[in-house]
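coords.cif (mmCIF, C-alpha atoms) appears below.
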```cif
data_coords
loop_
_atom_site.group_PDB
_atom_site.id
_atom_site.type_symbol
_atom_site.label_atom_id
_atom_site.label_comp_id
_atom_site.auth_asym_id
_atom_site.auth_seq_id
_atom_site.Cartn_x
_atom_site.Cartn_y
_atom_site.Cartn_z
ATOM 1 C CA MET Q 3 260.665 -129.103 11.255
ATOM 2 C CA SER Q 4 257.199 -127.688 11.678
ATOM 3 C CA ASP Q 5 255.287 -126.095 8.794
ATOM 4 C CA GLU Q 6 255.633 -122.633 10.281
ATOM 5 C CA THR Q 7 259.421 -122.836 10.616
ATOM 6 C CA ALA Q 8 259.707 -123.973 7.007
ATOM 7 C CA LEU Q 9 257.588 -121.025 5.826
ATOM 8 C CA LEU Q 10 259.095 -118.259 7.975
ATOM 9 C CA ARG Q 11 261.166 -115.753 6.002
ATOM 10 C CA GLU Q 12 263.469 -112.842 6.830
ATOM 11 C CA PRO Q 13 262.903 -110.247 8.303
ATOM 12 C CA TRP Q 14 259.971 -111.635 10.290
ATOM 13 C CA LEU Q 15 260.391 -113.260 13.682
ATOM 14 C CA ASP Q 16 256.789 -114.347 13.876
ATOM 15 C CA PHE Q 17 254.849 -116.339 11.246
ATOM 16 C CA ALA Q 18 251.482 -114.704 11.975
ATOM 17 C CA ARG Q 19 252.988 -111.267 11.347
ATOM 18 C CA GLN Q 20 254.635 -112.471 8.153
ATOM 19 C CA ARG Q 21 251.259 -113.661 6.822
ATOM 20 C CA GLU Q 22 249.548 -110.393 7.739
ATOM 21 C CA ALA Q 23 252.301 -108.359 6.070
ATOM 22 C CA GLY Q 24 252.218 -110.491 2.922
ATOM 23 C CA LYS Q 25 248.461 -110.187 2.663
ATOM 24 C CA PHE Q 26 248.577 -106.431 3.281
ATOM 25 C CA GLY Q 27 251.333 -106.062 0.690
ATOM 26 C CA ILE Q 28 249.446 -107.891 -2.044
ATOM 27 C CA TRP Q 29 246.272 -105.878 -1.360
ATOM 28 C CA VAL Q 30 248.228 -102.621 -1.717
ATOM 29 C CA PHE Q 31 249.596 -103.952 -5.002
ATOM 30 C CA LEU Q 32 246.088 -104.952 -6.129
ATOM 31 C CA ALA Q 33 244.841 -101.442 -5.274
ATOM 32 C CA SER Q 34 247.541 -100.024 -7.589
ATOM 33 C CA GLU Q 35 246.472 -102.519 -10.282
ATOM 34 C CA THR Q 36 242.874 -101.321 -9.855
ATOM 35 C CA LEU Q 37 244.050 -97.800 -10.640
ATOM 36 C CA PHE Q 38 246.103 -99.004 -13.611
ATOM 37 C CA PHE Q 39 243.240 -100.884 -15.280
ATOM 38 C CA GLY Q 40 240.744 -98.272 -14.057
ATOM 39 C CA ALA Q 41 242.624 -95.561 -15.968
ATOM 40 C CA LEU Q 42 242.445 -97.647 -19.156
ATOM 41 C CA MET Q 43 238.707 -98.213 -18.676
ATOM 42 C CA LEU Q 44 238.157 -94.517 -18.009
ATOM 43 C CA THR Q 45 239.902 -93.760 -21.317
ATOM 44 C CA TYR Q 46 237.490 -96.175 -23.012
ATOM 45 C CA MET Q 47 234.548 -94.468 -21.316
ATOM 46 C CA VAL Q 48 235.613 -90.996 -22.436
ATOM 47 C CA CYS Q 49 236.127 -92.170 -26.044
ATOM 48 C CA ARG Q 50 232.783 -93.967 -26.008
ATOM 49 C CA ILE Q 51 230.948 -90.873 -24.743
ATOM 50 C CA GLU Q 52 232.511 -88.885 -27.600
ATOM 51 C CA HIS Q 53 231.865 -91.521 -30.302
ATOM 52 C CA PRO Q 54 228.890 -93.661 -29.226
ATOM 53 C CA GLU Q 55 227.883 -94.949 -32.707
ATOM 54 C CA ALA Q 56 231.402 -95.950 -33.719
ATOM 55 C CA PHE Q 57 231.910 -97.875 -30.451
ATOM 56 C CA VAL Q 58 228.631 -99.745 -30.919
ATOM 57 C CA ALA Q 59 229.595 -100.651 -34.502
ATOM 58 C CA ALA Q 60 233.068 -101.743 -33.374
ATOM 59 C CA GLY Q 61 231.767 -103.811 -30.432
ATOM 60 C CA ARG Q 62 229.430 -105.656 -32.787
ATOM 61 C CA GLU Q 63 232.448 -106.904 -34.768
ATOM 62 C CA THR Q 64 233.997 -108.721 -31.783
ATOM 63 C CA ASN Q 65 233.323 -112.451 -31.500
ATOM 64 C CA ILE Q 66 230.923 -112.775 -28.571
ATOM 65 C CA TRP Q 67 231.404 -116.555 -28.325
ATOM 66 C CA TYR Q 68 235.140 -116.386 -27.765
ATOM 67 C CA GLY Q 69 234.521 -113.631 -25.211
ATOM 68 C CA THR Q 70 231.750 -115.425 -23.337
ATOM 69 C CA ILE Q 71 233.505 -118.807 -23.280
ATOM 70 C CA ASN Q 72 236.709 -117.175 -22.048
ATOM 71 C CA THR Q 73 234.782 -115.387 -19.288
ATOM 72 C CA ALA Q 74 233.339 -118.736 -18.189
ATOM 73 C CA VAL Q 75 236.818 -120.326 -18.309
ATOM 74 C CA LEU Q 76 238.287 -117.574 -16.138
ATOM 75 C CA LEU Q 77 235.390 -117.642 -13.643
ATOM 76 C CA THR Q 78 235.873 -121.413 -13.328
ATOM 77 C CA SER Q 79 239.604 -120.917 -12.753
ATOM 78 C CA SER Q 80 238.696 -118.579 -9.894
ATOM 79 C CA LEU Q 81 236.565 -121.391 -8.430
ATOM 80 C CA THR Q 82 239.445 -123.896 -8.471
ATOM 81 C CA MET Q 83 241.810 -121.221 -7.142
ATOM 82 C CA ALA Q 84 239.436 -120.399 -4.277
ATOM 83 C CA VAL Q 85 239.121 -124.091 -3.375
ATOM 84 C CA ALA Q 86 242.931 -124.425 -3.444
ATOM 85 C CA ALA Q 87 243.476 -121.351 -1.250
ATOM 86 C CA GLN Q 88 240.772 -122.284 1.253
ATOM 87 C CA GLY Q 89 241.957 -125.897 1.268
ATOM 88 C CA ALA Q 90 245.462 -124.726 2.168
ATOM 89 C CA GLU Q 91 243.959 -122.673 5.006
ATOM 90 C CA SER Q 92 242.177 -125.646 6.511
ATOM 91 C CA TYR Q 93 243.880 -127.903 9.006
ATOM 92 C CA ALA Q 94 242.474 -131.048 7.431
ATOM 93 C CA ARG Q 95 245.748 -131.542 5.477
ATOM 94 C CA LEU Q 96 244.326 -131.411 1.975
ATOM 95 C CA ARG Q 97 247.659 -131.535 0.133
ATOM 96 C CA ARG Q 98 246.421 -133.536 -2.874
ATOM 97 C CA LEU Q 99 243.257 -131.455 -3.275
ATOM 98 C CA VAL Q 100 245.218 -128.191 -3.152
ATOM 99 C CA ILE Q 101 247.807 -129.346 -5.706
ATOM 100 C CA ALA Q 102 245.080 -130.723 -8.013
ATOM 101 C CA CYS Q 103 243.093 -127.467 -7.854
ATOM 102 C CA LEU Q 104 246.205 -125.349 -8.474
ATOM 103 C CA THR Q 105 247.043 -127.494 -11.508
ATOM 104 C CA LEU Q 106 243.487 -127.102 -12.824
ATOM 105 C CA THR Q 107 243.710 -123.332 -12.297
ATOM 106 C CA ALA Q 108 246.909 -123.078 -14.331
ATOM 107 C CA LEU Q 109 245.418 -125.271 -17.090
ATOM 108 C CA LEU Q 110 242.264 -123.132 -17.265
ATOM 109 C CA GLY Q 111 244.491 -120.055 -17.488
ATOM 110 C CA LEU Q 112 246.355 -121.677 -20.378
ATOM 111 C CA ALA Q 113 243.033 -122.552 -22.043
ATOM 112 C CA PHE Q 114 242.070 -118.875 -21.839
ATOM 113 C CA ILE Q 115 245.316 -117.838 -23.559
ATOM 114 C CA VAL Q 116 244.836 -120.455 -26.318
ATOM 115 C CA ILE Q 117 241.219 -119.352 -26.983
ATOM 116 C CA LYS Q 118 242.388 -115.728 -26.997
ATOM 117 C CA GLY Q 119 245.017 -116.690 -29.575
ATOM 118 C CA PHE Q 120 242.333 -118.089 -31.916
ATOM 119 C CA GLU Q 121 240.337 -114.894 -31.381
ATOM 120 C CA TYR Q 122 243.346 -112.686 -32.187
ATOM 121 C CA LYS Q 123 243.869 -114.708 -35.389
ATOM 122 C CA GLU Q 124 240.253 -114.116 -36.419
ATOM 123 C CA ASP Q 125 240.488 -110.388 -35.575
ATOM 124 C CA MET Q 126 243.563 -110.043 -37.763
ATOM 125 C CA ASP Q 127 241.891 -111.938 -40.621
ATOM 126 C CA LYS Q 128 238.929 -109.528 -40.325
ATOM 127 C CA HIS Q 129 241.344 -106.522 -40.526
ATOM 128 C CA LEU Q 130 240.373 -105.208 -37.101
ATOM 129 C CA VAL Q 131 243.869 -103.879 -36.359
ATOM 130 C CA PRO Q 132 243.901 -100.049 -36.332
ATOM 131 C CA GLY Q 133 245.837 -98.462 -39.164
ATOM 132 C CA ALA Q 134 245.877 -98.785 -42.953
ATOM 133 C CA GLY Q 135 243.314 -101.264 -44.331
ATOM 134 C CA PHE Q 136 241.124 -101.170 -41.199
ATOM 135 C CA GLU Q 137 237.810 -102.908 -41.852
ATOM 136 C CA LEU Q 138 235.232 -100.453 -40.474
ATOM 137 C CA PRO Q 139 234.366 -97.122 -42.112
ATOM 138 C CA GLU Q 140 233.857 -95.301 -38.775
ATOM 139 C CA ARG Q 141 237.177 -93.634 -37.919
ATOM 140 C CA ALA Q 142 236.567 -93.757 -34.163
ATOM 141 C CA ALA Q 143 236.098 -97.539 -34.346
ATOM 142 C CA GLN Q 144 239.889 -97.612 -34.505
ATOM 143 C CA LEU Q 145 239.934 -96.075 -31.026
ATOM 144 C CA PHE Q 146 237.835 -99.008 -29.807
ATOM 145 C CA TYR Q 147 240.230 -101.514 -31.356
ATOM 146 C CA GLY Q 148 243.220 -99.574 -30.052
ATOM 147 C CA PHE Q 149 241.763 -100.087 -26.588
ATOM 148 C CA TYR Q 150 240.885 -103.708 -27.380
ATOM 149 C CA TRP Q 151 244.389 -104.728 -28.444
ATOM 150 C CA LEU Q 152 246.128 -102.808 -25.673
ATOM 151 C CA VAL Q 153 243.975 -103.890 -22.768
ATOM 152 C CA THR Q 154 243.514 -107.543 -23.789
ATOM 153 C CA SER Q 155 247.267 -107.959 -24.330
ATOM 154 C CA VAL Q 156 248.101 -106.310 -20.998
ATOM 155 C CA HIS Q 157 245.525 -108.622 -19.401
ATOM 156 C CA ALA Q 158 247.071 -111.631 -21.151
ATOM 157 C CA ILE Q 159 250.504 -110.634 -19.782
ATOM 158 C CA HIS Q 160 249.012 -110.476 -16.286
ATOM 159 C CA LEU Q 161 247.405 -113.864 -16.769
ATOM 160 C CA SER Q 162 250.664 -115.364 -18.075
ATOM 161 C CA ILE Q 163 252.450 -114.127 -14.950
ATOM 162 C CA GLY Q 164 249.654 -115.738 -12.913
ATOM 163 C CA ILE Q 165 250.053 -119.047 -14.767
ATOM 164 C CA ALA Q 166 253.816 -118.958 -14.119
ATOM 165 C CA LEU Q 167 253.265 -118.237 -10.397
ATOM 166 C CA VAL Q 168 250.687 -121.030 -10.031
ATOM 167 C CA GLY Q 169 252.895 -123.405 -12.044
ATOM 168 C CA ARG Q 170 255.806 -122.650 -9.739
ATOM 169 C CA LEU Q 171 253.606 -123.308 -6.690
ATOM 170 C CA VAL Q 172 252.560 -126.703 -8.088
ATOM 171 C CA TRP Q 173 256.229 -127.524 -8.709
ATOM 172 C CA VAL Q 174 257.506 -126.640 -5.222
ATOM 173 C CA LEU Q 175 254.512 -128.254 -3.499
ATOM 174 C CA LEU Q 176 254.893 -131.482 -5.498
ATOM 175 C CA ARG Q 177 258.593 -131.605 -4.616
ATOM 176 C CA ARG Q 178 257.666 -130.933 -0.986
ATOM 177 C CA GLU Q 179 260.024 -127.945 -0.854
ATOM 178 C CA LEU Q 180 257.279 -126.066 0.980
ATOM 179 C CA PRO Q 181 254.359 -127.314 3.065
ATOM 180 C CA VAL Q 182 250.796 -126.767 1.813
ATOM 181 C CA THR Q 183 248.997 -126.006 5.065
ATOM 182 C CA GLU Q 184 248.882 -122.281 5.848
ATOM 183 C CA ASN Q 185 251.330 -121.503 3.051
ATOM 184 C CA PRO Q 186 251.101 -117.710 2.553
ATOM 185 C CA GLU Q 187 252.413 -117.978 -1.017
ATOM 186 C CA ILE Q 188 249.243 -119.832 -2.032
ATOM 187 C CA GLU Q 189 247.070 -117.154 -0.429
ATOM 188 C CA VAL Q 190 248.924 -114.263 -2.073
ATOM 189 C CA THR Q 191 248.997 -115.943 -5.512
ATOM 190 C CA ALA Q 192 245.261 -116.657 -5.222
ATOM 191 C CA LEU Q 193 244.494 -112.988 -4.495
ATOM 192 C CA TYR Q 194 246.480 -111.922 -7.580
ATOM 193 C CA TRP Q 195 244.694 -114.532 -9.715
ATOM 194 C CA HIS Q 196 241.256 -113.337 -8.630
ATOM 195 C CA LEU Q 197 242.144 -109.735 -9.511
ATOM 196 C CA VAL Q 198 243.126 -110.773 -13.039
ATOM 197 C CA ASP Q 199 239.714 -112.462 -13.229
ATOM 198 C CA ILE Q 200 237.951 -109.292 -12.017
ATOM 199 C CA VAL Q 201 239.681 -107.185 -14.680
ATOM 200 C CA TRP Q 202 238.254 -109.550 -17.300
ATOM 201 C CA ILE Q 203 234.795 -109.422 -15.685
ATOM 202 C CA PHE Q 204 234.777 -105.677 -16.449
ATOM 203 C CA LEU Q 205 236.344 -105.990 -19.896
ATOM 204 C CA TYR Q 206 233.626 -108.440 -20.986
ATOM 205 C CA PRO Q 207 230.704 -105.926 -21.128
ATOM 206 C CA LEU Q 208 232.985 -103.143 -22.459
ATOM 207 C CA ILE Q 209 234.391 -105.168 -25.356
ATOM 208 C CA TYR Q 210 231.879 -107.851 -26.285
ATOM 209 C CA LEU Q 211 228.429 -106.555 -25.373
ATOM 210 C CA PRO Q 212 228.117 -103.169 -27.183
ATOM 211 C CA GLY Q 213 225.890 -103.150 -30.248
ATOM 212 C CA ARG Q 214 224.238 -106.527 -29.769
ATOM 213 C CA SER Q 215 220.699 -105.164 -29.440
ATOM 214 C CA SER Q 216 220.756 -102.896 -32.480
ATOM 215 C CA MET G 24 250.964 -139.133 2.566
ATOM 216 C CA SER G 25 247.295 -140.068 2.585
ATOM 217 C CA GLU G 26 244.675 -137.632 3.749
ATOM 218 C CA PRO G 27 243.250 -138.204 7.245
ATOM 219 C CA ALA G 28 239.848 -139.860 7.398
ATOM 220 C CA ASN G 29 238.176 -136.722 8.779
ATOM 221 C CA SER G 30 238.988 -134.549 5.749
ATOM 222 C CA GLY G 31 235.794 -135.664 3.944
ATOM 223 C CA PRO G 32 233.354 -133.167 5.495
ATOM 224 C CA THR G 33 235.873 -130.327 5.067
ATOM 225 C CA VAL G 34 236.307 -131.126 1.379
ATOM 226 C CA ARG G 35 232.546 -131.312 0.859
ATOM 227 C CA ARG G 36 232.021 -127.972 2.639
ATOM 228 C CA LEU G 37 234.781 -126.349 0.561
ATOM 229 C CA TRP G 38 233.234 -127.466 -2.715
ATOM 230 C CA THR G 39 229.625 -126.717 -1.737
ATOM 231 C CA ARG G 40 230.437 -123.180 -0.612
ATOM 232 C CA ASN G 41 232.515 -122.307 -3.656
ATOM 233 C CA LEU G 42 230.332 -124.081 -6.223
ATOM 234 C CA VAL G 43 227.343 -122.000 -5.071
ATOM 235 C CA ILE G 44 229.349 -118.801 -5.661
ATOM 236 C CA TRP G 45 230.551 -120.124 -9.032
ATOM 237 C CA ALA G 46 226.970 -120.983 -10.070
ATOM 238 C CA ALA G 47 225.885 -117.441 -9.162
ATOM 239 C CA LEU G 48 228.755 -116.024 -11.272
ATOM 240 C CA MET G 49 227.775 -118.202 -14.234
ATOM 241 C CA ALA G 50 224.120 -117.202 -13.898
ATOM 242 C CA LEU G 51 225.130 -113.518 -13.895
ATOM 243 C CA LEU G 52 227.284 -114.085 -16.983
ATOM 244 C CA LEU G 53 224.286 -115.632 -18.756
ATOM 245 C CA VAL G 54 222.014 -112.758 -17.696
ATOM 246 C CA SER G 55 224.474 -110.150 -19.022
ATOM 247 C CA LEU G 56 224.840 -112.080 -22.304
ATOM 248 C CA VAL G 57 221.068 -112.320 -22.846
ATOM 249 C CA GLY G 58 220.497 -108.770 -21.565
ATOM 250 C CA ALA G 59 222.891 -107.367 -24.172
ATOM 251 C CA TYR G 60 220.518 -108.519 -26.946
ATOM 252 C CA ILE G 61 217.441 -106.808 -25.454
ATOM 253 C CA PRO G 62 217.088 -103.274 -26.847
ATOM 254 C CA MET G 63 216.648 -100.956 -23.854
ATOM 255 C CA GLY G 64 218.911 -98.110 -24.989
ATOM 256 C CA ARG G 65 221.246 -96.879 -22.304
ATOM 257 C CA ILE G 66 219.869 -99.402 -19.811
ATOM 258 C CA THR G 67 221.342 -102.208 -21.926
ATOM 259 C CA THR G 68 224.849 -100.732 -21.563
ATOM 260 C CA ALA G 69 224.306 -99.982 -17.882
ATOM 261 C CA SER G 70 223.027 -103.504 -17.168
ATOM 262 C CA GLY G 71 226.315 -104.982 -18.448
ATOM 263 C CA ILE G 72 228.316 -102.769 -16.080
ATOM 264 C CA VAL G 73 225.989 -103.340 -13.120
ATOM 265 C CA ILE G 74 226.236 -107.120 -13.589
ATOM 266 C CA ALA G 75 230.049 -106.826 -13.825
ATOM 267 C CA ILE G 76 230.035 -104.952 -10.500
ATOM 268 C CA ALA G 77 227.841 -107.674 -8.937
ATOM 269 C CA LYS G 78 230.163 -110.416 -10.235
ATOM 270 C CA SER G 79 233.275 -108.659 -8.962
ATOM 271 C CA MET G 80 231.634 -108.142 -5.551
ATOM 272 C CA LEU G 81 231.070 -111.898 -5.316
ATOM 273 C CA VAL G 82 234.712 -112.579 -6.222
ATOM 274 C CA VAL G 83 236.162 -109.896 -3.918
ATOM 275 C CA LEU G 84 233.994 -110.569 -0.884
ATOM 276 C CA LEU G 85 233.727 -114.372 -1.026
ATOM 277 C CA PHE G 86 236.541 -115.823 -3.172
ATOM 278 C CA MET G 87 239.106 -113.274 -1.958
ATOM 279 C CA GLU G 88 237.457 -113.390 1.500
ATOM 280 C CA LEU G 89 237.489 -109.624 1.955
ATOM 281 C CA ALA G 90 234.194 -109.989 3.831
ATOM 282 C CA PHE G 91 236.082 -111.769 6.625
ATOM 283 C CA ALA G 92 239.351 -109.810 6.418
ATOM 284 C CA LYS G 93 240.826 -107.577 9.113
ATOM 285 C CA PRO G 94 240.192 -103.799 8.944
ATOM 286 C CA LEU G 95 243.744 -103.062 7.721
ATOM 287 C CA ILE G 96 243.256 -105.324 4.703
ATOM 288 C CA ARG G 97 239.843 -103.831 3.938
ATOM 289 C CA LEU G 98 241.349 -100.358 4.153
ATOM 290 C CA ALA G 99 244.049 -101.286 1.614
ATOM 291 C CA ALA G 100 241.402 -102.688 -0.757
ATOM 292 C CA ILE G 101 239.072 -99.705 -0.377
ATOM 293 C CA ALA G 102 241.949 -97.207 -0.869
ATOM 294 C CA GLY G 103 242.244 -98.278 -4.508
ATOM 295 C CA LEU G 104 238.515 -97.771 -5.066
ATOM 296 C CA VAL G 105 238.538 -94.357 -3.381
ATOM 297 C CA PHE G 106 241.280 -93.026 -5.663
ATOM 298 C CA LEU G 107 239.651 -94.707 -8.646
ATOM 299 C CA SER G 108 236.350 -92.963 -7.939
ATOM 300 C CA ALA G 109 238.202 -89.633 -7.593
ATOM 301 C CA MET G 110 239.756 -90.192 -11.025
ATOM 302 C CA PHE G 111 236.379 -91.082 -12.594
ATOM 303 C CA ALA G 112 234.523 -88.238 -10.859
ATOM 304 C CA LEU G 113 237.013 -85.525 -11.834
ATOM 305 C CA THR G 114 237.355 -86.706 -15.441
ATOM 306 C CA LEU G 115 233.648 -87.218 -16.041
ATOM 307 C CA SER G 116 232.705 -83.908 -14.427
ATOM 308 C CA ASP G 117 234.744 -82.327 -17.225
ATOM 309 C CA ILE G 118 233.681 -84.600 -20.113
ATOM 310 C CA LEU G 119 229.953 -84.618 -19.318
ATOM 311 C CA ALA G 120 229.833 -80.860 -18.672
ATOM 312 C CA ARG G 121 231.239 -79.972 -22.109
ATOM 313 C CA PRO G 122 228.722 -78.252 -24.409
#
```
Rewrite the structure from the file as structure tokens, please.
Amino acid sequence: MSDETALLREPWLDFARQREAGKFGIWVFLASETLFFGALMLTYMVCRIEHPEAFVAAGRETNIWYGTINTAVLLTSSLTMAVAAQGAESYARLRRLVIACLTLTALLGLAFIVIKGFEYKEDMDKHLVPGAGFELPERAAQLFYGFYWLVTSVHAIHLSIGIALVGRLVWVLLRRELPVTENPEIEVTALYWHLVDIVWIFLYPLIYLPGRSS
Amino acid sequence: MSEPANSGPTVRRLWTRNLVIWAALMALLLVSLVGAYIPMGRITTASGIVIAIAKSMLVVLLFMELAFAKPLIRLAAIAGLVFLSAMFALTLSDILARP
């Protein structure tokens, strides 16, 4: 059985068309995700324009080291994911490299979640959860932390889904249930993973960088 | 199954290409971190966003290979940005025009 026959799915008769459709489908989904996260960031922007001082004071309370290290972790996971996806595209039969890079990607994703967990713990200890007993005197700082908790948890859910998808890929590729070369599932999963990384790239300056220079 | 002997150059090319992009991303991260501590008023905030846009361009164009994608795929990707910019433009034209 050739690789293409093993990868062909209903309703497609032709593997090239199946790949095109899958890629088009995930990009349409990613465009909808752009709008979803874009709306959240626009909300942040509007609140920040209305309450600039409170947002600066609130941003200063975030832990920049957790944020910066996590950004580096996620950028590195995008590197291993890109190598995996491009390795699967190549005809040089790089099965071991692809599986190793996918495993690394999932582990880096897990590392991000663990670091985020430590950060959440610290935020709770510092009473940075909006509501009674909130640490900062500025009322609008609670808007910042409302955004912070909502958007970082939604991002963490996205990342967890990504880790599960990559973990599943590693599992089926190790068991040889699917071939590695030209596997469209690797390509589509990689595109999703990179988008989750891009969301974080934008969250980093919005959450961690305000108020550092004053 | 062992890898064929000719996979060496491919592997090296894969890593070289992507490590260069990764190094650029890390450098941009460092610049935005340091830049945040330099008091330049609104430029400090803007620099963080501009660097985020530069980083995401690197990821979208090179890691996600949109630079080499077919027109249909590019259209799907750009559609999201078009509607996003409409949402930002309409909202901000209200917010920023308030007395």
Using only C-alpha atoms, which residues of chain G come within 8 Å of chain Q, and what is the closest atom pair for each, with the distance in Å to one decimal? Give it as a Markdown table, sorted by chain and residue number.
```
| residue | atom | partner | partner_atom | distance |
| --- | --- | --- | --- | --- |
| G:Glu26 | CA | Q:Arg95 | CA | 6.4 |
| G:Pro27 | CA | Q:Ala94 | CA | 7.2 |
| G:Asn29 | CA | Q:Ala94 | CA | 7.2 |
| G:Ser30 | CA | Q:Ala94 | CA | 5.2 |
| G:Thr33 | CA | Q:Ala94 | CA | 7.0 |
| G:Val34 | CA | Q:Gly89 | CA | 7.7 |
| G:Leu37 | CA | Q:Val85 | CA | 6.3 |
| G:Trp38 | CA | Q:Val85 | CA | 6.8 |
| G:Asn41 | CA | Q:Leu81 | CA | 6.3 |
| G:Leu42 | CA | Q:Leu81 | CA | 7.1 |
| G:Trp45 | CA | Q:Leu81 | CA | 6.2 |
| G:Leu48 | CA | Q:Leu77 | CA | 7.2 |
| G:Met49 | CA | Q:Ala74 | CA | 6.8 |
| G:Leu52 | CA | Q:Ala74 | CA | 7.7 |
| G:Ser55 | CA | Q:Pro207 | CA | 7.8 |
| G:Leu56 | CA | Q:Leu211 | CA | 7.3 |
| G:Ala59 | CA | Q:Leu211 | CA | 5.7 |
| G:Tyr60 | CA | Q:Ser215 | CA | 4.2 |
| G:Ile61 | CA | Q:Ser215 | CA | 5.4 |
| G:Pro62 | CA | Q:Ser215 | CA | 4.8 |
| G:Thr68 | CA | Q:Pro212 | CA | 6.9 |
| G:Gly71 | CA | Q:Pro207 | CA | 5.2 |
| G:Ile72 | CA | Q:Pro207 | CA | 6.4 |
| G:Ala75 | CA | Q:Phe204 | CA | 5.5 |
| G:Ile76 | CA | Q:Phe204 | CA | 7.6 |
| G:Lys78 | CA | Q:Ile203 | CA | 7.2 |
| G:Ser79 | CA | Q:Ile200 | CA | 5.6 |
| G:Val82 | CA | Q:His196 | CA | 7.0 |
| G:Val83 | CA | Q:His196 | CA | 7.7 |
| G:Phe86 | CA | Q:Ala84 | CA | 5.5 |
| G:Met87 | CA | Q:Leu193 | CA | 6.0 |
| G:Leu95 | CA | Q:Phe26 | CA | 7.4 |
| G:Ile96 | CA | Q:Phe26 | CA | 5.6 |
| G:Ala99 | CA | Q:Val30 | CA | 5.5 |
| G:Ala100 | CA | Q:Ala33 | CA | 5.8 |
| G:Ile101 | CA | Q:Ala33 | CA | 7.8 |
| G:Ala102 | CA | Q:Ala33 | CA | 6.8 |
| G:Gly103 | CA | Q:Ala33 | CA | 4.2 |
| G:Leu104 | CA | Q:Ala33 | CA | 7.3 |
| G:Phe106 | CA | Q:Leu37 | CA | 7.4 |
| G:Leu107 | CA | Q:Leu37 | CA | 5.7 |
| G:Met110 | CA | Q:Ala41 | CA | 7.8 |
| G:Phe111 | CA | Q:Leu44 | CA | 6.7 |
| G:Leu115 | CA | Q:Val48 | CA | 7.7 |
| G:Ile118 | CA | Q:Val48 | CA | 7.1 |
```
Within 12 Å of (253.9, -127.0, -9.0) (file coordinates; all atoms listed in the file), which protein or nucleic acid residues are there? I'd like them as a VMD selection string.
chain Q and resid 97 to 98 100 to 109 165 to 180 182 188
Can you tell me how far CA of Arg50 (chain Q) sits from CA of Met126 (chain Q), in Å to one decimal?
22.6 Å
The centre and edge lengths of an axis-aligned box containing all atoms of region 168-175 of chain Q present in the file, extended by 4 Å on each side, are to be given in Å to one decimal, as lines of an AutoDock Vina configuration file.
```
center_x = 254.1
center_y = -124.6
center_z = -7.8
size_x = 14.8
size_y = 15.2
size_z = 16.5
```
Give me the residues near Ala60 (chain Q) as a compact mmCIF listing (two decimals) with C-alpha atoms, in the frame of the given file, where near means some atom within 8 Å (using all atoms listed in the file) and where sequence neighbours in that chain fewer than 6 positions away do not count.
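result05.txt, written as the output of this step:
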```txt
# COMPACT_ATOMS: atom_id res chain seq x y z
CA LEU Q 138 235.23 -100.45 -40.47
CA ALA Q 143 236.10 -97.54 -34.35
CA PHE Q 146 237.84 -99.01 -29.81
CA TYR Q 147 240.23 -101.51 -31.36
CA GLY Q 213 225.89 -103.15 -30.25
```
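Proximity to His157 (chain Q) was assessed for Q:Gly111, Q:Gly24, Q:Pro13, Q:Gly61 counting only C-alpha atoms; the smallest distance is recorded for Q:Gly111.
Computed from the coordinates, the CA of Leu42 (chain Q) to CA of Ala109 (chain G) distance equals 14.7 Å.
One finds CA of Gly58 (chain G) at 20.8 Å from CA of Ile44 (chain G).
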Taking 4 positions as the minimum chain separation for residues in the same chain, which residues sit within 8 Å of Phe17 (chain Q) when counting only C-alpha atoms? Answer as an NGL selection string.
:Q and (6-7 or 9-10 or 21)
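In terms of minimum interatomic distance to Leu85 (chain G), G:Ala47 ranks closest within G:Leu98, G:Ala69, G:Ala47, G:Val105, counting all atoms listed in the file.
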Give me, as a PyMOL selection string, all polymer residues having an atom no more than 8 Å from Tyr68 (chain Q), counting all atoms listed in the file and skipping those fewer than 2 positions away in the same chain.
chain Q and resi 65-66+70-72+117-118+121
